[in-house]
Structures are given as structure tokens and as C-alpha cells.
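Undergrad: For reference, the structure I am asking about is given below.
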Amino acid sequence: RVVVGGGVPRIGPLYGDALREAFAAELMGPLRGLVPRAPLFGHDAAVLGAAALTHTLPLHRPGALR
């Protein structure tokens with residue numbers, strides 16, 4: 001899946017159609033079925049993803065010097 005975030009998904013069908021055509025033209029054959037999608041969590045997707053990383057990846061090793 002290819003996720004295109006920010007304000008891009010709100011631009012409208014004219015841009016969306018052009019983006020899908022560009023993907024189809026530039027991707028390797030086996031990947032041409034990929035289509036850009038808006039993020040599931042909308043505008044907050046990047047922030048929510050970054051916040052989720054704090055629960056899955058430690059920011060430092062416990063006991064290590066900071």
C-alpha cells in the first residue's frame with residue numbers, strides 16, 4: 001500500500017487521477033496495481049504513528065547514559 005498524506009488527498013479528483021496515472025506509468029510492472037490511498041487516520045496519521053512508536057520502540061536503552 002502507498003499512503004499519501006498531508007493535504008494531498010483533499011486536493012480532489014483532478015490531482016488524484018493524475019497521481020494514479022503517474023504511479024501506473026512509473027512503477028515496475030509487478031507494482032503497477034498499487035494505488036495511492038489517503039491515511040486511515042486522516043491529517044493526524046503521522047503524529048499518531050510517531051506517538052505509537054514510543055510504545056513499540058524504546059527511545060533509549062534502559063540504564064544507558066543519556
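As shown in the C-alpha cells, the chain order sets the letters A, B, ...; within each chain, residues go from 1, and ligands are also counted from 1 in the order they appear.
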Env of range 7-17 of chain A: 9 Å cut, atoms = only C-alpha atoms, seq-sep filter 6 positions within chain, self excluded. Answer as an NGL selection string.
TA: :A and (36-39 or 43)
Undergrad: Among chain A, which residues does DSSP mark as alpha helix (DSSP H) when it is run on the backbone? Keep the chain and numbering as in the structure and answer as number ranges by chain.
TA: A: 13-26, 45-56
Undergrad: Assign secondary structure with DSSP using the backbone only, and return the residues of chain A in strand (DSSP E) as a JSON list (two decimals) with all heavy atoms, in the first residue's frame.
TA:
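Just written: part20.json:
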```json
[["chain", "number", "residue", "atom", "x", "y", "z"],
["A", 2, "VAL", "N", 0.48, 2.23, -0.76],
["A", 2, "VAL", "CA", 1.17, 3.51, -0.81],
["A", 2, "VAL", "C", 0.24, 4.54, -0.19],
["A", 2, "VAL", "O", -0.87, 4.75, -0.66],
["A", 2, "VAL", "CB", 1.51, 3.93, -2.26],
["A", 2, "VAL", "CG1", 2.15, 5.29, -2.29],
["A", 2, "VAL", "CG2", 2.41, 2.89, -2.91],
["A", 3, "VAL", "N", 0.70, 5.17, 0.89],
["A", 3, "VAL", "CA", -0.12, 6.15, 1.59],
["A", 3, "VAL", "C", 0.42, 7.54, 1.30],
["A", 3, "VAL", "O", 1.60, 7.80, 1.47],
["A", 3, "VAL", "CB", -0.13, 5.89, 3.11],
["A", 3, "VAL", "CG1", -0.94, 6.94, 3.83],
["A", 3, "VAL", "CG2", -0.67, 4.49, 3.39],
["A", 36, "PRO", "N", -2.32, 5.02, -4.83],
["A", 36, "PRO", "CA", -2.15, 5.85, -3.65],
["A", 36, "PRO", "C", -3.45, 5.94, -2.86],
["A", 36, "PRO", "O", -4.54, 6.01, -3.44],
["A", 36, "PRO", "CB", -1.75, 7.22, -4.20],
["A", 36, "PRO", "CG", -2.01, 7.17, -5.66],
["A", 36, "PRO", "CD", -2.15, 5.76, -6.07],
["A", 37, "ARG", "N", -3.34, 5.91, -1.56],
["A", 37, "ARG", "CA", -4.50, 5.99, -0.67],
["A", 37, "ARG", "C", -4.28, 7.07, 0.38],
["A", 37, "ARG", "O", -3.15, 7.37, 0.74],
["A", 37, "ARG", "CB", -4.70, 4.66, 0.07],
["A", 37, "ARG", "CG", -4.84, 3.47, -0.80],
["A", 37, "ARG", "CD", -6.28, 3.21, -1.07],
["A", 37, "ARG", "NE", -6.39, 1.95, -1.80],
["A", 37, "ARG", "CZ", -7.22, 1.77, -2.77],
["A", 37, "ARG", "NH1", -8.02, 2.74, -3.14],
["A", 37, "ARG", "NH2", -7.28, 0.62, -3.40]]
```
Undergrad: Would you work out the distance separating CA of Arg20 in chain A from CA of Arg32 in chain A, expressed in Å to one decimal?
TA: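 CA of Arg20 in chain A sits 9.7 Å away from CA of Arg32 in chain A.
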Undergrad: Looking at only C-alpha atoms, which of A:Ala45, A:His55, A:Glu21, A:Ala50 is the one that sits closest to Gly33 in chain A?
TA: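 Smallest separation from Gly33 in chain A among the options: A:Glu21.
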Undergrad: Here is a test: counting only C-alpha atoms, which residue of A:Asp44, A:Ala52, A:Leu34, A:Ala25 is nearest to Gly6 in chain A?
TA: A:Asp44
Undergrad: In Å, with one decimal, what is the gap from CA of Val35 in chain A to CA of Arg1 in chain A?
TA: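 Value for the CA of Val35 in chain A-CA of Arg1 in chain A distance: 7.2 Å.
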